[in-house]
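*Asks:* Hey, dropping start_22.txt in here, compact mmCIF, C-alpha atoms:
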```
# COMPACT_ATOMS: atom_id res chain seq x y z
CA MET C 26 -13.35 25.40 -19.64
CA LEU C 27 -14.75 24.88 -16.14
CA ALA C 28 -13.61 21.24 -16.13
CA ARG C 29 -10.08 22.30 -17.13
CA PHE C 30 -10.05 24.88 -14.36
CA ARG C 31 -11.10 22.26 -11.79
CA THR C 32 -8.41 19.89 -13.03
CA ALA C 33 -5.77 22.60 -12.75
CA CYS C 34 -6.94 23.44 -9.23
CA ASP C 35 -6.71 19.79 -8.17
CA GLN C 36 -3.20 19.49 -9.62
CA ILE C 37 -2.00 22.66 -7.91
CA LYS C 38 -3.57 21.53 -4.64
CA ALA C 39 -1.73 18.19 -4.86
CA ARG C 40 1.60 19.94 -5.47
CA ILE C 41 1.04 22.25 -2.51
CA GLU C 42 0.23 19.24 -0.31
CA VAL C 43 3.56 17.63 -1.28
CA LEU C 44 5.40 20.87 -0.49
CA ALA C 45 3.64 21.16 2.87
CA ALA C 46 4.58 17.58 3.75
CA LEU C 47 8.25 18.31 3.00
CA LEU C 48 8.49 21.38 5.23
CA ASP C 49 10.07 21.10 8.69
CA ILE C 50 11.32 17.52 8.24
CA PRO C 51 13.28 16.46 11.35
CA ASP C 52 16.72 14.86 11.17
CA GLY C 53 16.65 11.33 9.77
CA PRO C 54 19.14 8.44 9.54
CA ASP C 55 22.38 8.67 7.55
CA PRO C 56 21.99 6.01 4.81
CA GLN C 57 25.07 4.55 3.15
CA GLU C 58 23.34 2.11 0.83
CA PHE C 59 19.93 1.62 -0.77
CA HIS C 60 18.52 -1.89 -0.50
CA ALA C 61 15.55 -3.46 -2.27
CA SER C 62 14.27 -7.04 -2.17
CA VAL C 63 11.76 -8.16 -4.80
CA ARG C 64 9.88 -11.44 -5.11
CA VAL C 65 10.07 -13.16 -8.50
CA LYS C 66 8.32 -16.06 -10.19
CA ASN C 67 11.42 -17.62 -11.73
CA LEU C 68 14.66 -17.06 -9.83
CA ALA C 69 16.97 -18.12 -12.67
CA GLU C 70 15.27 -16.01 -15.34
CA SER C 71 15.21 -12.97 -13.09
CA ALA C 72 18.86 -13.49 -12.12
CA ARG C 73 19.82 -13.47 -15.81
CA PHE C 74 17.75 -10.33 -16.47
CA TYR C 75 19.08 -8.30 -13.55
CA ALA C 76 22.66 -9.42 -14.20
CA TRP C 77 22.21 -7.92 -17.66
CA LEU C 78 20.35 -4.83 -16.46
CA LEU C 79 22.82 -3.99 -13.69
CA ASP C 80 25.83 -5.16 -15.72
CA THR C 81 27.24 -7.13 -12.82
CA TRP C 82 27.65 -10.70 -11.63
CA PRO C 83 25.69 -11.59 -8.47
CA LYS C 84 27.64 -11.38 -5.25
CA GLU C 85 25.97 -14.57 -4.03
CA TRP C 86 22.98 -16.81 -4.63
CA THR C 87 21.14 -19.74 -3.10
CA HIS C 88 18.05 -21.69 -4.07
CA ARG C 89 15.96 -18.89 -2.51
CA TYR C 90 17.62 -15.61 -3.41
CA VAL C 91 20.19 -13.84 -5.58
CA THR C 92 22.06 -10.76 -4.32
CA PHE C 93 23.48 -8.00 -6.51
CA ILE C 94 25.84 -5.42 -5.00
CA CYS C 95 26.53 -2.27 -7.03
CA PRO C 96 28.95 -0.04 -5.08
CA ASP C 97 28.96 2.64 -7.77
CA LEU C 98 25.17 2.92 -7.45
CA GLY C 99 25.09 2.43 -3.69
CA VAL C 100 22.59 -0.39 -4.30
CA ASN C 101 22.08 -3.75 -2.61
CA PHE C 102 19.42 -5.48 -4.74
CA VAL C 103 18.00 -8.91 -3.92
CA ILE C 104 15.53 -11.10 -5.79
CA VAL C 105 13.65 -13.70 -3.76
CA VAL C 106 11.47 -16.69 -4.63
CA ALA C 107 7.74 -16.06 -4.53
CA ASP C 108 6.94 -18.56 -1.73
CA ASP C 109 3.68 -19.43 -3.51
CA LYS C 110 2.45 -15.84 -3.25
CA THR C 111 0.42 -14.30 -6.05
CA LEU C 112 2.71 -11.58 -7.34
CA HIS C 113 0.78 -8.35 -7.47
CA HIS C 114 1.23 -6.04 -4.48
CA ASP C 115 3.33 -8.78 -2.84
CA THR C 116 5.95 -8.47 -5.60
CA LEU C 117 7.82 -5.81 -3.64
CA TYR C 118 9.03 -7.54 -0.49
CA HIS C 119 10.80 -4.61 1.13
CA LEU C 120 13.12 -1.65 0.66
CA GLY C 121 16.00 -0.83 2.95
CA ILE C 122 18.90 1.39 3.90
CA GLU C 123 22.21 0.44 5.49
CA LEU C 124 23.53 2.41 8.46
CA ALA C 125 27.02 2.56 9.90
CA ASP C 126 26.62 0.39 12.99
CA LYS C 127 24.37 -0.95 15.74
CA ASP C 128 24.17 2.37 17.54
CA ALA C 129 22.96 4.03 14.35
CA VAL C 130 20.13 1.49 14.09
CA ILE C 131 19.07 2.22 17.66
CA GLU C 132 19.24 5.95 16.96
CA ALA C 133 17.11 5.43 13.84
CA TYR C 134 14.50 3.74 16.01
CA ASP C 135 14.33 6.76 18.31
CA LYS C 136 14.07 9.06 15.31
CA ALA C 137 11.35 6.91 13.76
CA LEU C 138 9.28 7.14 16.95
CA ALA C 139 9.77 10.91 17.09
CA PHE C 140 8.81 11.23 13.44
CA GLY C 141 5.69 9.10 13.91
CA ALA C 142 6.74 6.32 11.54
CA HIS C 143 5.08 2.92 11.83
CA VAL C 144 7.46 0.50 13.58
CA GLU C 145 6.90 -3.10 12.52
CA LYS C 146 9.79 -4.62 14.50
CA PRO C 147 12.03 -2.80 17.00
CA PRO C 148 15.84 -2.95 16.73
CA ARG C 149 17.20 -6.48 17.04
CA SER C 150 20.39 -8.38 16.33
CA THR C 151 19.59 -11.34 14.10
CA TRP C 152 22.05 -14.09 13.25
CA ARG C 153 20.38 -16.33 10.69
CA GLY C 154 20.98 -15.57 7.03
CA THR C 155 23.01 -12.38 6.85
CA PRO C 156 23.88 -11.37 10.46
CA LEU C 157 22.45 -7.89 10.97
CA HIS C 158 21.38 -5.30 13.48
CA GLU C 159 17.99 -4.41 12.03
CA LEU C 160 14.90 -2.28 12.48
CA TRP C 161 11.74 -2.78 10.42
CA LEU C 162 9.39 0.08 9.53
CA LYS C 163 6.46 0.47 7.14
CA ASP C 164 5.91 3.34 4.75
CA PRO C 165 2.46 4.99 4.44
CA ASP C 166 1.36 2.36 1.91
CA GLY C 167 2.44 -0.55 4.09
CA THR C 168 5.69 -1.35 2.26
CA LEU C 169 8.27 -2.85 4.60
CA ILE C 170 11.44 -0.80 5.12
CA GLU C 171 14.51 -2.52 6.58
CA VAL C 172 16.97 -0.25 8.40
CA TYR C 173 20.09 -2.28 9.10
CA ALA C 174 23.79 -2.36 9.92
CA ARG C 175 26.08 -5.23 9.06
CA MET C 176 27.31 -7.08 12.09
CA LYS C 177 30.92 -6.79 13.19
CA ASP C 178 32.93 -9.89 14.06
CA GLU C 179 32.85 -9.16 17.79
CA ASP C 180 29.06 -8.82 17.70
CA PHE C 181 28.66 -12.10 15.85
CA ALA C 182 30.95 -13.83 18.32
CA ALA C 183 28.55 -12.85 21.12
CA ARG C 184 25.55 -14.56 19.51
CA PRO C 185 23.33 -16.81 21.67
CA LYS C 186 23.81 -20.55 21.32
CA ASP C 187 20.30 -20.94 19.90
CA TYR C 188 20.76 -18.01 17.48
CA SER C 189 17.66 -16.31 18.89
CA PRO C 190 17.30 -12.58 18.10
CA VAL C 191 18.54 -10.11 20.69
CA PHE C 192 16.48 -6.96 21.23
CA LEU C 193 18.64 -3.85 21.32
CA VAL C 194 16.27 -1.54 23.21
CA GLU C 195 15.21 -2.50 26.71
CA GLY C 196 11.48 -3.04 27.09
CA THR C 197 10.79 -3.95 23.44
CA GLU C 198 11.00 -7.72 23.90
CA ASN C 199 7.20 -8.05 23.86
CA PHE C 200 6.66 -5.39 21.22
CA LYS C 201 3.52 -5.76 19.10
CA PRO C 202 3.07 -3.44 16.13
CA GLU C 203 -0.07 -1.39 15.80
CA THR C 204 -2.34 -2.15 12.87
CA HIS C 205 -1.04 -0.26 9.87
CA PRO C 206 -3.61 1.97 8.10
CA SER C 207 -3.09 -0.04 4.91
CA GLU C 208 -4.34 -3.16 6.71
CA THR C 209 -7.61 -1.69 7.97
CA ALA C 210 -10.82 -2.48 6.17
CA GLN C 211 -11.41 -0.18 3.24
CA SER C 212 -14.65 0.49 1.41
CA PRO C 213 -14.81 -1.61 -1.79
CA LEU C 214 -16.33 1.43 -3.52
CA ASP C 215 -14.37 4.50 -4.51
CA PRO C 216 -15.73 7.91 -3.37
CA LYS C 217 -17.15 8.67 -6.81
CA SER C 218 -19.17 5.44 -6.86
CA VAL C 219 -20.43 6.08 -3.34
CA ALA C 220 -21.58 9.57 -4.38
CA MET C 221 -23.39 8.11 -7.40
CA VAL C 222 -25.18 5.57 -5.23
CA SER C 223 -26.11 8.29 -2.74
CA LEU C 224 -27.47 10.51 -5.50
CA ALA C 225 -29.58 7.74 -7.00
CA SER C 226 -30.86 6.77 -3.55
CA ALA C 227 -31.77 10.36 -2.76
CA ILE C 228 -33.78 10.71 -5.96
CA ALA C 229 -35.46 7.32 -5.57
CA ALA C 230 -36.40 8.21 -1.99
CA SER C 231 -37.53 11.75 -2.93
CA HIS C 232 -35.05 13.22 -0.45
CA PRO C 233 -35.67 16.99 -0.45
CA SER C 234 -32.07 18.23 -0.54
CA MET C 235 -29.39 15.52 -0.47
CA GLY C 236 -29.43 14.99 -4.23
CA ARG C 237 -28.22 18.50 -4.93
CA CYS C 238 -25.06 18.27 -2.82
CA GLN C 239 -24.20 14.85 -4.27
CA ARG C 240 -24.68 16.20 -7.78
CA GLU C 241 -22.29 19.07 -7.10
CA ARG C 242 -19.76 16.68 -5.61
CA LEU C 243 -19.88 14.43 -8.67
CA LEU C 244 -19.46 17.37 -11.04
CA LYS C 245 -16.32 18.37 -9.13
CA GLN C 246 -15.06 14.79 -9.47
CA GLY C 247 -15.36 14.97 -13.25
CA VAL C 248 -18.64 13.10 -13.82
CA SER C 249 -20.32 14.44 -16.96
CA GLU C 250 -23.76 16.02 -17.13
CA ASP C 251 -24.87 13.20 -19.46
CA ALA C 252 -23.88 10.59 -16.88
CA LEU C 253 -25.75 12.47 -14.16
CA ASP C 254 -28.84 12.74 -16.38
CA LEU C 255 -28.74 8.96 -16.85
CA ILE C 256 -28.52 8.40 -13.09
CA LEU C 257 -31.41 10.80 -12.46
CA ASP C 258 -33.58 9.24 -15.15
CA ILE C 259 -33.11 5.70 -13.82
CA ALA C 260 -33.56 6.76 -10.18
CA GLN C 261 -36.76 8.67 -10.97
CA HIS C 262 -38.11 5.69 -12.88
CA ILE C 263 -37.34 3.31 -10.01
CA ARG C 264 -39.05 5.74 -7.62
CA ASP C 265 -42.13 5.90 -9.82
CA GLU C 266 -42.31 2.12 -10.18
CA ALA C 267 -41.91 1.69 -6.43
CA GLY C 268 -44.77 4.11 -5.91
CA GLN C 269 -47.03 1.74 -7.79
CA ASN C 270 -46.39 -0.97 -5.16
CA PRO C 271 -46.52 0.95 -1.86
CA THR C 272 -47.53 -2.06 0.23
CA GLU C 273 -44.66 -4.33 -0.80
CA ASP C 274 -42.38 -4.80 2.20
CA THR C 275 -38.58 -4.89 2.24
CA ASN C 276 -38.37 -8.66 2.70
CA ALA C 277 -40.38 -9.21 -0.46
CA VAL C 278 -38.08 -6.87 -2.38
CA VAL C 279 -34.96 -8.66 -1.15
CA LYS C 280 -36.48 -12.01 -2.10
CA LYS C 281 -37.04 -10.77 -5.63
CA LEU C 282 -33.40 -9.67 -5.79
CA THR C 283 -32.14 -13.15 -4.95
CA GLU C 284 -34.70 -15.38 -6.65
CA GLY C 285 -36.12 -15.67 -10.13
CA ASP C 286 -34.63 -15.38 -13.61
CA THR C 287 -35.52 -11.77 -14.39
CA CYS C 288 -35.99 -8.62 -12.36
CA GLY C 289 -39.21 -7.59 -14.10
CA CYS C 290 -38.29 -3.91 -14.36
CA THR C 291 -39.18 -1.81 -17.40
CA PRO C 292 -37.12 0.75 -19.33
CA THR C 293 -37.44 4.42 -18.43
CA PRO C 294 -39.57 6.73 -20.61
CA LYS C 295 -36.29 7.88 -22.19
CA GLY C 296 -35.44 4.28 -23.07
CA ASN C 297 -32.72 3.77 -20.47
CA ALA C 298 -32.56 0.29 -18.96
CA CYS C 299 -32.79 0.26 -15.19
CA CYS C 300 -30.58 -2.81 -14.89
```
Go ahead and render the structure in this file as structure tokens.

*Replies:*
Amino acid sequence: MLARFRTACDQIKARIEVLAALLDIPDGPDPQEFHASVRVKNLAESARFYAWLLDTWPKEWTHRYVTFICPDLGVNFVIVVADDKTLHHDTLYHLGIELADKDAVIEAYDKALAFGAHVEKPPRSTWRGTPLHELWLKDPDGTLIEVYARMKDEDFAARPKDYSPVFLVEGTENFKPETHPSETAQSPLDPKSVAMVSLASAIAASHPSMGRCQRERLLKQGVSEDALDLILDIAQHIRDEAGQNPTEDTNAVVKKLTEGDTCGCTPTPKGNACC
């Protein structure tokens, strides 16, 4: 019953957090189209599948991409070759929205800064491929978001001879994006595993109080009493074995960890293996 109550509390808390995040949202851009670009392993097979799924013939295709336009859905969907990338999190290349014109892209940049969104590339006019006025953002998970407007004929006529991008906001020519939170080093261990390690370490080191708080934390995270008993039993056994060799220094312990065929530890009195 207590576990169900904790689960319900966590679920309610998560819903409240979503509601809180949606309150007082400032004005955003005025999207006219939703755009997604997805990397695929086999361009031809994926083109056949999405032509069937979307019930439409591609608007255009090359050896690198296939574009589907669905006006009734307001969707501009593109599949792109994988470029030798392993397709896991790299499968989704980017999402995007189309705006009315160049001024709307610049306005979206100002709104993105005011909102605190991560700007990957400031507004630019680009001429290669599909000529666009574009702004690149990243969502909280690091997914690229393209905010763009299709270029008018008069804009395209004013392109530089070398087709180099033209920055639309003065002072952004040397723009360098800040490191996105998704790109910072993350602990390879999840919080639950870290708490388990801390608990075992506290017991093995005979810490007077830390074990209790870690135990409570693990219970709140859904770790069972049986699992905690196993951790405690092994940690106590390791502590007792270590007490039998009080003069062995840390270097000797590390050497044993990296050399030899077996660790030499014994099961706990309850029969639990320590490794």

*Asks:* Nearest to Phe192 (chain C): which of C:Arg73, C:Arg175, C:His158, C:Arg29 is it, counting all atoms listed in the file?

*Replies:*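 Smallest distance to Phe192 (chain C) is found for C:His158.
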
*Asks:* Near Gly53 (chain C), within 7 Å and counting all atoms listed in the file, which residues show up once chain neighbours fewer than 2 positions away are dropped, as a compact mmCIF listing (two decimals) with C-alpha atoms, in the frame of the given file?

*Replies:*
```
# COMPACT_ATOMS: atom_id res chain seq x y z
CA PRO C 51 13.28 16.46 11.35
CA ASP C 55 22.38 8.67 7.55
CA LYS C 136 14.07 9.06 15.31
```

*Asks:* If you measure from CA of Ser62 (chain C) to CA of Ala107 (chain C), what distance in Å do you get, rounded to one decimal?

*Replies:*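 Those two atoms sit 11.4 Å apart.
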
*Asks:* Can you work out which one of C:Arg149, C:His113, C:Arg31, C:Lys38 has the shortest atom-to-atom distance to Asp128 (chain C), counting only C-alpha atoms?

*Replies:*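 Result for the nearest residue to Asp128 (chain C): C:Arg149.
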
*Asks:* With only C-alpha atoms as the basis for distance, which of C:Ala227, C:Ala61, C:Leu162, C:Ala142 is at the shortest distance from His119 (chain C)?

*Replies:* C:Ala61

*Asks:* In Å, rounded to a single decimal, give me how far CA of Gly247 (chain C) is from CA of His262 (chain C).

*Replies:*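 These two atoms are separated by 24.6 Å.
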